[in-house]
Amino acid sequence: MHDVMPSMSREVNHLKRSVLRDLLALAVDPTIISLAGGLPASEFLPLDEFRSCLETVLKRDGAEALQYSTQHAPLQEWIAGYMGRRGVRVGPEQVFITNGAQQGLAILSRLLLDPGEPAVIEQVTFPGIQQVTAGRGAQMRPIPTDLESGADLEALEAAFRQETRPRLAILVPDFHNPLGVSLSAEKRALAAGLAARYGVPLIEDDPYSELAFSGQPLPPIKAYDEAEMVFYVGSFSKILAPAVRLGWIIGPASMTPQITVIRESLDLESSTLLQRAVAEFYARDAFGRHLQPLRAANQERCETLLAALEEHFGGLARWSRPSGGLFVWARFPQEWDTFALFPRAVEHRVAYIPGAAFTLDGSQRNAMRLNFSNLRPQAIREGIQRLSEVIGEHALSGA
Ligand SMILES: Cc1ncc(COP(=O)(O)O)c(C=O)c1O
């Protein structure tokens with residue numbers, strides 16, 4: 001036996017173990033009330049309908065449904081129609097199906113960005129976005145995000161204007177993870193305009209827009225993209241089920257061959273069985289039927305969380321008031337440290353994600369992300385009650 005390790009690539013050195021994944025593991029302990037995860041409500045996952053879709057596909061398509069396959073054309077067509085209804089005119093051949101939005105982001109970062117090159121992300125953002133930029137050794141140019149109005153586009157322009165142009169920028173336009181905020185229509189148009197003016201590809205990561213509590217989502221940034229500088233990344237995780245692991249990229253048609261090659265280097269293709277079952281689900285017109293009760297439940301849960309925060313933390317903390325999505329972002333007095341408090345929270349059988357998990361520099365230590373979608377209202381109230389006990393102890397100890 002040799003006492004040597006294989007040497008690893010430079011890219012691996014940049015990747016951080018996801019705190020989020022570690023914390024999510026807690027969500028499975030039934031004695032812990034987890035406000036930590038980003039899971040859609042389990043009781044609203046379309047179990048019966050999806051089982052029936054799988055049966056239909058297996059009966060109808062037989063062994064073909066279990067084979068290697070190309071991208072499933074009926075699903076590409078459904079996605080193209082859906083994007084069309086949102087103001088993005090694309091042909092089905094321009095829809096590239098991925099294994100979830102995260103794979104879409106990983107593919108695009110490999111397409112557009114080399115290690116050492118500049119990339120723009122939001123200062124506070126989903127760790128998966130950090131992984132495909134800082135995690136690939138990019139030179140980072142983070143921009144601030146306002147809790148009321150979303151990404152700071154003046155800062156975006158300043159980051160674009162520097163002598164070395166960034167190779168890409170990534171924004172989450174709707175019900176931001178973790179901040180809960182959305183961009184106005186004006187800001188979407190402006191963002192597309194900046195990408196065009198400075199020639200910087202803008203990746204629009206949009207898993208949440210269909211989770212508006214009421215009304216129609218705004219058109220995506222891609223709808224304003226006349227210069228073909230915006231890459232839209234969609235996902236079925238939150239609008240159907242995370243376990244289908246399917247999403248899509250809409251980019252310039254001319255780049256599909258390169259996207260295909262990168263994707264094939266990763267995992268060849270998405271499961272044709274699941275693509276067919278999802279296409280069957282939407283062929284049954286199940287889109288609105290599935291989302292309606294989910295949106296209503298999310299809204300009730302969000303209102304419960306906001307009321308509980310007001311009851312226990314009014315005057316002490318500030319928080320976002322989202323009109324959709326899955327998350328509320330709460331900020332406590334500057335000197336508090338939600339990371340340090342976390343073990344005590346777990347002792348009190350409640351979990352959240354410390355704010356520092358969403359920044360590259362470990363700032364936002366006084367903030368936390370709270371999920372409202374995967375707990376019933378009573379559990380949300382109990383969870384915030386437990387949190388107030390943790391924080392009460394903290395205040396008493398003068399820490
Ligand atoms: C902003 C954002 N982008 C991408 C993803 C990954 O989504 P998917 O499950 O489709 O890979 C998530 C998941 O929570 C997310 O919040």
# chains A, B, ... in the order shown; residues from 1 in each chain; ligands from 1
>>> residues_near_ligand(ligand="ligand 1", cutoff="8 Å", atoms="only C-alpha atoms and all ligand atoms", output="number ranges by chain")
A: 38-39, 99-105, 125-126, 128-129, 172, 176-178, 205-208, 234-238, 242, 245-247
>>> closest_atom_pairs(of="range 58-164 of chain A", to="range 320-343 of chain A", cutoff="12 Å", atoms="only C-alpha atoms", output="CSV")
residue,atom,partner,partner_atom,distance
A:Val124,CA,A:Trp329,CA,10.6
A:Thr125,CA,A:Trp329,CA,11.5
A:Phe126,CA,A:Phe327,CA,11.6
A:Asp146,CA,A:Ser320,CA,10.1
A:Leu147,CA,A:Ser320,CA,6.3
A:Glu148,CA,A:Ser320,CA,7.5
A:Ser149,CA,A:Ser320,CA,10.8
A:Gly150,CA,A:Ser320,CA,11.1
>>> select_by_dssp(residues="range 27-197 of chain A", states="strand (DSSP E)", output="PyMOL selection string")
chain A and resi 33-34+95-98+118-122+139-143+145-146+150-151+168-171
>>> write_last_selection(atoms="N, CA, C and O atoms", output="CSV table (one decimal), in the first residue's frame")
chain,number,residue,atom,x,y,z
A,33,ILE,N,-38.0,21.2,14.3
A,33,ILE,CA,-38.8,22.0,13.3
A,33,ILE,C,-37.8,22.7,12.4
A,33,ILE,O,-37.1,23.5,12.9
A,34,SER,N,-37.8,22.3,11.2
A,34,SER,CA,-36.8,22.8,10.3
A,34,SER,C,-37.4,23.9,9.4
A,34,SER,O,-38.2,23.7,8.5
A,95,VAL,N,-34.8,24.8,-26.9
A,95,VAL,CA,-35.0,24.4,-25.5
A,95,VAL,C,-34.0,23.3,-25.2
A,95,VAL,O,-34.1,22.2,-25.8
A,96,PHE,N,-33.1,23.5,-24.2
A,96,PHE,CA,-32.2,22.4,-23.9
A,96,PHE,C,-32.5,21.9,-22.5
A,96,PHE,O,-32.4,22.6,-21.5
A,97,ILE,N,-33.0,20.6,-22.4
A,97,ILE,CA,-33.4,20.0,-21.2
A,97,ILE,C,-32.2,19.6,-20.4
A,97,ILE,O,-31.3,18.9,-20.9
A,98,THR,N,-32.2,19.9,-19.1
A,98,THR,CA,-31.1,19.6,-18.2
A,98,THR,C,-31.6,18.8,-17.0
A,98,THR,O,-32.8,18.7,-16.8
A,118,PRO,N,-13.3,37.1,-14.6
A,118,PRO,CA,-14.2,37.7,-13.7
A,118,PRO,C,-15.7,37.3,-13.9
A,118,PRO,O,-16.1,37.0,-15.1
A,119,ALA,N,-16.4,37.2,-12.8
A,119,ALA,CA,-17.8,36.8,-12.9
A,119,ALA,C,-18.6,37.6,-11.8
A,119,ALA,O,-18.0,37.9,-10.8
A,120,VAL,N,-19.8,38.0,-12.2
A,120,VAL,CA,-20.6,38.8,-11.3
A,120,VAL,C,-21.8,38.0,-10.7
A,120,VAL,O,-22.5,37.4,-11.5
A,121,ILE,N,-21.9,38.0,-9.4
A,121,ILE,CA,-23.0,37.4,-8.7
A,121,ILE,C,-23.5,38.3,-7.6
A,121,ILE,O,-22.8,39.3,-7.3
A,122,GLU,N,-24.7,38.0,-7.1
A,122,GLU,CA,-25.2,38.9,-6.0
A,122,GLU,C,-24.4,38.5,-4.7
A,122,GLU,O,-24.1,37.3,-4.5
A,139,GLN,N,-12.7,35.1,-10.7
A,139,GLN,CA,-12.4,36.3,-9.9
A,139,GLN,C,-13.8,36.9,-9.7
A,139,GLN,O,-14.4,37.3,-10.6
A,140,MET,N,-14.2,37.0,-8.4
A,140,MET,CA,-15.5,37.4,-8.2
A,140,MET,C,-15.8,38.9,-8.0
A,140,MET,O,-15.0,39.6,-7.5
A,141,ARG,N,-16.9,39.4,-8.6
A,141,ARG,CA,-17.3,40.8,-8.5
A,141,ARG,C,-18.7,40.8,-8.0
A,141,ARG,O,-19.7,40.8,-8.7
A,142,PRO,N,-18.9,40.6,-6.6
A,142,PRO,CA,-20.3,40.6,-6.1
A,142,PRO,C,-20.9,41.9,-6.1
A,142,PRO,O,-20.3,43.0,-5.9
A,143,ILE,N,-22.2,42.0,-6.3
A,143,ILE,CA,-23.0,43.2,-6.3
A,143,ILE,C,-24.1,43.1,-5.2
A,143,ILE,O,-24.6,42.0,-4.9
A,145,THR,N,-27.7,43.4,-3.2
A,145,THR,CA,-29.1,43.3,-3.5
A,145,THR,C,-30.0,43.9,-2.4
A,145,THR,O,-29.7,43.7,-1.2
A,146,ASP,N,-30.9,44.8,-2.9
A,146,ASP,CA,-31.7,45.5,-1.9
A,146,ASP,C,-32.9,44.6,-1.5
A,146,ASP,O,-33.5,43.9,-2.4
A,150,GLY,N,-34.4,44.4,-5.1
A,150,GLY,CA,-33.6,43.4,-5.7
A,150,GLY,C,-32.2,43.9,-6.1
A,150,GLY,O,-31.7,44.9,-5.6
A,151,ALA,N,-31.6,43.2,-7.1
A,151,ALA,CA,-30.2,43.4,-7.4
A,151,ALA,C,-30.0,44.9,-7.8
A,151,ALA,O,-30.8,45.5,-8.5
A,168,LEU,N,-19.5,36.4,-17.3
A,168,LEU,CA,-20.9,36.2,-17.1
A,168,LEU,C,-21.4,36.9,-15.8
A,168,LEU,O,-20.6,37.3,-15.0
A,169,ALA,N,-22.7,37.1,-15.7
A,169,ALA,CA,-23.3,37.6,-14.5
A,169,ALA,C,-24.5,36.6,-14.3
A,169,ALA,O,-25.2,36.1,-15.2
A,170,ILE,N,-24.8,36.4,-13.0
A,170,ILE,CA,-26.0,35.5,-12.7
A,170,ILE,C,-27.0,36.3,-11.7
A,170,ILE,O,-26.5,36.8,-10.7
A,171,LEU,N,-28.2,36.4,-12.1
A,171,LEU,CA,-29.2,37.0,-11.3
A,171,LEU,C,-30.4,36.1,-11.1
A,171,LEU,O,-30.7,35.3,-12.0
>>> residues_around(residues="Ala308 in chain A", least_positions_apart="4", cutoff="9 Å", atoms="only C-alpha atoms", output="ChimeraX atom specification")
/A:303-304,312-313,380-382,384-385
>>> residues_around(residues="range 59-65 of chain A", least_positions_apart="4", cutoff="12 Å", atoms="only C-alpha atoms", output="PDB file with all heavy atoms, in the first residue's frame")
ATOM      1  N   SER A  52     -49.736   8.021 -12.054  1.00  0.00           N
ATOM      2  CA  SER A  52     -50.556   7.670 -13.208  1.00  0.00           C
ATOM      3  C   SER A  52     -49.868   8.080 -14.520  1.00  0.00           C
ATOM      4  O   SER A  52     -49.948   7.375 -15.526  1.00  0.00           O
ATOM      5  CB  SER A  52     -51.932   8.303 -13.007  1.00  0.00           C
ATOM      6  OG  SER A  52     -52.450   8.770 -14.186  1.00  0.00           O
ATOM      7  N   CYS A  53     -49.130   9.193 -14.493  1.00  0.00           N
ATOM      8  CA  CYS A  53     -48.380   9.602 -15.704  1.00  0.00           C
ATOM      9  C   CYS A  53     -47.297   8.569 -16.025  1.00  0.00           C
ATOM     10  O   CYS A  53     -47.108   8.193 -17.187  1.00  0.00           O
ATOM     11  CB  CYS A  53     -47.712  10.962 -15.492  1.00  0.00           C
ATOM     12  SG  CYS A  53     -48.861  12.330 -15.407  1.00  0.00           S
ATOM     13  N   LEU A  54     -46.603   8.099 -14.995  1.00  0.00           N
ATOM     14  CA  LEU A  54     -45.555   7.086 -15.223  1.00  0.00           C
ATOM     15  C   LEU A  54     -46.174   5.818 -15.811  1.00  0.00           C
ATOM     16  O   LEU A  54     -45.635   5.227 -16.750  1.00  0.00           O
ATOM     17  CB  LEU A  54     -44.853   6.754 -13.901  1.00  0.00           C
ATOM     18  CG  LEU A  54     -43.787   7.749 -13.440  1.00  0.00           C
ATOM     19  CD1 LEU A  54     -43.390   7.474 -11.986  1.00  0.00           C
ATOM     20  CD2 LEU A  54     -42.549   7.695 -14.329  1.00  0.00           C
ATOM     21  N   GLU A  55     -47.330   5.421 -15.276  1.00  0.00           N
ATOM     22  CA  GLU A  55     -47.984   4.204 -15.783  1.00  0.00           C
ATOM     23  C   GLU A  55     -48.376   4.381 -17.239  1.00  0.00           C
ATOM     24  O   GLU A  55     -48.147   3.510 -18.073  1.00  0.00           O
ATOM     25  CB  GLU A  55     -49.239   3.904 -14.949  1.00  0.00           C
ATOM     26  CG  GLU A  55     -48.908   3.078 -13.720  1.00  0.00           C
ATOM     27  CD  GLU A  55     -50.057   3.063 -12.716  1.00  0.00           C
ATOM     28  OE1 GLU A  55     -51.210   3.426 -13.107  1.00  0.00           O
ATOM     29  OE2 GLU A  55     -49.781   2.722 -11.561  1.00  0.00           O
ATOM     30  N   SER A  69     -31.870   7.991 -24.905  1.00  0.00           N
ATOM     31  CA  SER A  69     -32.725   8.721 -25.842  1.00  0.00           C
ATOM     32  C   SER A  69     -32.210  10.144 -26.039  1.00  0.00           C
ATOM     33  O   SER A  69     -31.404  10.626 -25.244  1.00  0.00           O
ATOM     34  CB  SER A  69     -34.142   8.761 -25.271  1.00  0.00           C
ATOM     35  OG  SER A  69     -34.920   9.674 -25.966  1.00  0.00           O
ATOM     36  N   THR A  70     -32.697  10.810 -27.053  1.00  0.00           N
ATOM     37  CA  THR A  70     -32.369  12.233 -27.208  1.00  0.00           C
ATOM     38  C   THR A  70     -33.351  13.038 -26.338  1.00  0.00           C
ATOM     39  O   THR A  70     -34.187  12.461 -25.659  1.00  0.00           O
ATOM     40  CB  THR A  70     -32.537  12.679 -28.675  1.00  0.00           C
ATOM     41  OG1 THR A  70     -33.829  12.285 -29.077  1.00  0.00           O
ATOM     42  CG2 THR A  70     -31.484  12.059 -29.568  1.00  0.00           C
ATOM     43  N   HIS A  72     -36.537  14.873 -25.160  1.00  0.00           N
ATOM     44  CA  HIS A  72     -37.902  14.463 -25.491  1.00  0.00           C
ATOM     45  C   HIS A  72     -38.673  15.631 -26.132  1.00  0.00           C
ATOM     46  O   HIS A  72     -39.014  16.613 -25.459  1.00  0.00           O
ATOM     47  CB  HIS A  72     -38.590  13.990 -24.209  1.00  0.00           C
ATOM     48  CG  HIS A  72     -39.917  13.360 -24.448  1.00  0.00           C
ATOM     49  ND1 HIS A  72     -40.103  12.294 -25.303  1.00  0.00           N
ATOM     50  CD2 HIS A  72     -41.144  13.636 -23.949  1.00  0.00           C
ATOM     51  CE1 HIS A  72     -41.369  11.946 -25.326  1.00  0.00           C
ATOM     52  NE2 HIS A  72     -42.027  12.745 -24.508  1.00  0.00           N
ATOM     53  N   SER A 270     -30.742  13.458 -19.859  1.00  0.00           N
ATOM     54  CA  SER A 270     -31.744  13.308 -18.795  1.00  0.00           C
ATOM     55  C   SER A 270     -32.549  12.038 -19.034  1.00  0.00           C
ATOM     56  O   SER A 270     -32.717  11.608 -20.181  1.00  0.00           O
ATOM     57  CB  SER A 270     -32.700  14.503 -18.808  1.00  0.00           C
ATOM     58  OG  SER A 270     -32.018  15.674 -18.458  1.00  0.00           O
ATOM     59  N   SER A 271     -33.082  11.495 -17.957  1.00  0.00           N
ATOM     60  CA  SER A 271     -33.889  10.274 -18.057  1.00  0.00           C
ATOM     61  C   SER A 271     -35.069  10.488 -19.007  1.00  0.00           C
ATOM     62  O   SER A 271     -35.888  11.388 -18.791  1.00  0.00           O
ATOM     63  CB  SER A 271     -34.417   9.920 -16.665  1.00  0.00           C
ATOM     64  OG  SER A 271     -35.635   9.218 -16.770  1.00  0.00           O
ATOM     65  N   THR A 272     -35.162   9.637 -20.025  1.00  0.00           N
ATOM     66  CA  THR A 272     -36.289   9.794 -20.951  1.00  0.00           C
ATOM     67  C   THR A 272     -37.590   9.407 -20.257  1.00  0.00           C
ATOM     68  O   THR A 272     -38.650   9.973 -20.527  1.00  0.00           O
ATOM     69  CB  THR A 272     -36.079   9.008 -22.259  1.00  0.00           C
ATOM     70  OG1 THR A 272     -37.046   9.442 -23.205  1.00  0.00           O
ATOM     71  CG2 THR A 272     -36.187   7.510 -22.080  1.00  0.00           C
ATOM     72  N   LEU A 273     -37.525   8.488 -19.312  1.00  0.00           N
ATOM     73  CA  LEU A 273     -38.735   8.093 -18.578  1.00  0.00           C
ATOM     74  C   LEU A 273     -39.330   9.314 -17.861  1.00  0.00           C
ATOM     75  O   LEU A 273     -40.524   9.594 -17.965  1.00  0.00           O
ATOM     76  CB  LEU A 273     -38.390   6.991 -17.570  1.00  0.00           C
ATOM     77  CG  LEU A 273     -39.536   6.579 -16.650  1.00  0.00           C
ATOM     78  CD1 LEU A 273     -40.678   5.961 -17.437  1.00  0.00           C
ATOM     79  CD2 LEU A 273     -39.042   5.605 -15.565  1.00  0.00           C
ATOM     80  N   LEU A 274     -38.474  10.037 -17.164  1.00  0.00           N
ATOM     81  CA  LEU A 274     -38.982  11.188 -16.407  1.00  0.00           C
ATOM     82  C   LEU A 274     -39.402  12.323 -17.335  1.00  0.00           C
ATOM     83  O   LEU A 274     -40.400  12.998 -17.090  1.00  0.00           O
ATOM     84  CB  LEU A 274     -37.937  11.641 -15.388  1.00  0.00           C
ATOM     85  CG  LEU A 274     -37.762  10.630 -14.245  1.00  0.00           C
ATOM     86  CD1 LEU A 274     -36.585  10.992 -13.359  1.00  0.00           C
ATOM     87  CD2 LEU A 274     -39.033  10.526 -13.401  1.00  0.00           C
ATOM     88  N   GLN A 275     -38.645  12.543 -18.408  1.00  0.00           N
ATOM     89  CA  GLN A 275     -39.060  13.592 -19.353  1.00  0.00           C
ATOM     90  C   GLN A 275     -40.444  13.269 -19.925  1.00  0.00           C
ATOM     91  O   GLN A 275     -41.294  14.143 -20.064  1.00  0.00           O
ATOM     92  CB  GLN A 275     -38.078  13.684 -20.514  1.00  0.00           C
ATOM     93  CG  GLN A 275     -36.725  14.252 -20.163  1.00  0.00           C
ATOM     94  CD  GLN A 275     -35.848  14.342 -21.391  1.00  0.00           C
ATOM     95  OE1 GLN A 275     -36.067  15.186 -22.259  1.00  0.00           O
ATOM     96  NE2 GLN A 275     -34.876  13.461 -21.485  1.00  0.00           N
ATOM     97  N   ARG A 276     -40.654  11.999 -20.259  1.00  0.00           N
ATOM     98  CA  ARG A 276     -41.953  11.607 -20.827  1.00  0.00           C
ATOM     99  C   ARG A 276     -43.068  11.766 -19.793  1.00  0.00           C
ATOM    100  O   ARG A 276     -44.171  12.218 -20.106  1.00  0.00           O
ATOM    101  CB  ARG A 276     -41.900  10.144 -21.302  1.00  0.00           C
ATOM    102  CG  ARG A 276     -41.156   9.977 -22.599  1.00  0.00           C
ATOM    103  CD  ARG A 276     -40.777   8.526 -22.846  1.00  0.00           C
ATOM    104  NE  ARG A 276     -39.710   8.468 -23.839  1.00  0.00           N
ATOM    105  CZ  ARG A 276     -39.845   7.983 -25.057  1.00  0.00           C
ATOM    106  NH1 ARG A 276     -40.981   7.453 -25.446  1.00  0.00           N
ATOM    107  NH2 ARG A 276     -38.837   8.006 -25.903  1.00  0.00           N
ATOM    108  N   ALA A 277     -42.778  11.381 -18.535  1.00  0.00           N
ATOM    109  CA  ALA A 277     -43.817  11.490 -17.496  1.00  0.00           C
ATOM    110  C   ALA A 277     -44.166  12.962 -17.235  1.00  0.00           C
ATOM    111  O   ALA A 277     -45.339  13.305 -17.062  1.00  0.00           O
ATOM    112  CB  ALA A 277     -43.342  10.816 -16.211  1.00  0.00           C
ATOM    113  N   GLU A 280     -46.262  14.164 -20.072  1.00  0.00           N
ATOM    114  CA  GLU A 280     -47.622  13.631 -19.914  1.00  0.00           C
ATOM    115  C   GLU A 280     -48.389  14.443 -18.862  1.00  0.00           C
ATOM    116  O   GLU A 280     -49.557  14.783 -19.039  1.00  0.00           O
ATOM    117  CB  GLU A 280     -47.527  12.145 -19.514  1.00  0.00           C
ATOM    118  CG  GLU A 280     -48.831  11.480 -19.110  1.00  0.00           C
ATOM    119  CD  GLU A 280     -49.846  11.369 -20.245  1.00  0.00           C
ATOM    120  OE1 GLU A 280     -49.441  11.446 -21.420  1.00  0.00           O
ATOM    121  OE2 GLU A 280     -51.051  11.230 -19.930  1.00  0.00           O
TER     122      GLU A 280
END
>>> select_by_dssp(residues="range 179-345 of chain A", states="alpha helix (DSSP H)", output="number ranges by chain")
A: 185-198, 256-267, 272-283, 286-313, 338-345
>>> decode(residues="range 334-359 of chain A", atoms="N, CA, C and O atoms", output="CSV table (one decimal), in the first residue's frame")
chain,number,residue,atom,x,y,z
A,334,GLN,N,-26.8,44.0,14.6
A,334,GLN,CA,-25.5,43.8,13.9
A,334,GLN,C,-24.6,42.8,14.7
A,334,GLN,O,-23.9,42.0,14.1
A,335,GLU,N,-24.6,42.9,16.0
A,335,GLU,CA,-23.6,42.2,16.8
A,335,GLU,C,-24.0,40.7,17.0
A,335,GLU,O,-23.2,39.9,17.5
A,336,TRP,N,-25.2,40.3,16.5
A,336,TRP,CA,-25.6,38.9,16.7
A,336,TRP,C,-25.0,38.0,15.7
A,336,TRP,O,-24.7,38.4,14.6
A,337,ASP,N,-24.8,36.7,16.1
A,337,ASP,CA,-24.2,35.8,15.2
A,337,ASP,C,-25.0,34.5,15.0
A,337,ASP,O,-25.0,33.7,15.9
A,338,THR,N,-25.8,34.5,13.9
A,338,THR,CA,-26.7,33.3,13.8
A,338,THR,C,-26.0,32.0,13.6
A,338,THR,O,-26.5,30.9,13.8
A,339,PHE,N,-24.7,32.1,13.1
A,339,PHE,CA,-23.9,30.9,13.0
A,339,PHE,C,-23.6,30.3,14.3
A,339,PHE,O,-23.8,29.1,14.6
A,340,ALA,N,-23.1,31.2,15.2
A,340,ALA,CA,-22.8,30.8,16.6
A,340,ALA,C,-24.0,30.3,17.3
A,340,ALA,O,-23.9,29.4,18.2
A,341,LEU,N,-25.1,30.9,17.0
A,341,LEU,CA,-26.4,30.5,17.8
A,341,LEU,C,-26.9,29.1,17.3
A,341,LEU,O,-27.8,28.5,18.0
A,342,PHE,N,-26.5,28.7,16.1
A,342,PHE,CA,-27.1,27.6,15.5
A,342,PHE,C,-27.1,26.3,16.4
A,342,PHE,O,-28.2,25.7,16.5
A,343,PRO,N,-26.0,25.9,17.0
A,343,PRO,CA,-26.0,24.7,17.9
A,343,PRO,C,-27.1,24.8,19.0
A,343,PRO,O,-27.8,23.9,19.3
A,344,ARG,N,-27.3,26.1,19.5
A,344,ARG,CA,-28.3,26.2,20.6
A,344,ARG,C,-29.7,26.1,20.0
A,344,ARG,O,-30.6,25.6,20.7
A,345,ALA,N,-29.8,26.6,18.8
A,345,ALA,CA,-31.2,26.4,18.1
A,345,ALA,C,-31.5,24.9,18.0
A,345,ALA,O,-32.6,24.5,18.2
A,346,VAL,N,-30.5,24.2,17.6
A,346,VAL,CA,-30.7,22.7,17.4
A,346,VAL,C,-31.0,22.1,18.8
A,346,VAL,O,-31.9,21.2,18.8
A,347,GLU,N,-30.4,22.5,19.8
A,347,GLU,CA,-30.7,22.0,21.1
A,347,GLU,C,-32.2,22.3,21.5
A,347,GLU,O,-32.9,21.5,22.1
A,348,HIS,N,-32.7,23.4,21.0
A,348,HIS,CA,-34.1,23.8,21.2
A,348,HIS,C,-35.0,23.2,20.1
A,348,HIS,O,-36.1,23.5,20.0
A,349,ARG,N,-34.4,22.3,19.3
A,349,ARG,CA,-35.1,21.5,18.2
A,349,ARG,C,-35.8,22.5,17.2
A,349,ARG,O,-36.9,22.3,16.8
A,350,VAL,N,-35.0,23.5,16.8
A,350,VAL,CA,-35.4,24.3,15.6
A,350,VAL,C,-34.2,24.6,14.8
A,350,VAL,O,-33.1,24.7,15.3
A,351,ALA,N,-34.4,24.7,13.4
A,351,ALA,CA,-33.3,24.9,12.6
A,351,ALA,C,-33.6,26.0,11.5
A,351,ALA,O,-34.8,26.2,11.1
A,352,TYR,N,-32.6,26.7,11.1
A,352,TYR,CA,-32.7,27.8,10.1
A,352,TYR,C,-31.4,27.7,9.3
A,352,TYR,O,-30.5,27.0,9.7
A,353,ILE,N,-31.2,28.5,8.3
A,353,ILE,CA,-29.9,28.6,7.7
A,353,ILE,C,-29.3,30.0,8.0
A,353,ILE,O,-29.8,31.0,7.8
A,354,PRO,N,-28.1,29.9,8.7
A,354,PRO,CA,-27.4,31.2,9.0
A,354,PRO,C,-27.1,32.0,7.7
A,354,PRO,O,-26.7,31.4,6.7
A,355,GLY,N,-27.2,33.3,7.9
A,355,GLY,CA,-27.0,34.2,6.7
A,355,GLY,C,-25.7,34.0,6.0
A,355,GLY,O,-25.6,34.1,4.8
A,356,ALA,N,-24.7,33.7,6.8
A,356,ALA,CA,-23.3,33.6,6.2
A,356,ALA,C,-23.2,32.5,5.2
A,356,ALA,O,-22.3,32.5,4.4
A,357,ALA,N,-24.1,31.5,5.2
A,357,ALA,CA,-24.0,30.5,4.2
A,357,ALA,C,-24.3,31.0,2.8
A,357,ALA,O,-24.0,30.3,1.8
A,358,PHE,N,-24.8,32.2,2.7
A,358,PHE,CA,-25.2,32.8,1.4
A,358,PHE,C,-24.3,33.8,0.9
A,358,PHE,O,-24.5,34.5,-0.1
A,359,THR,N,-23.1,34.0,1.6
A,359,THR,CA,-22.1,35.0,1.1
A,359,THR,C,-20.8,34.3,0.9
A,359,THR,O,-20.5,33.3,1.6
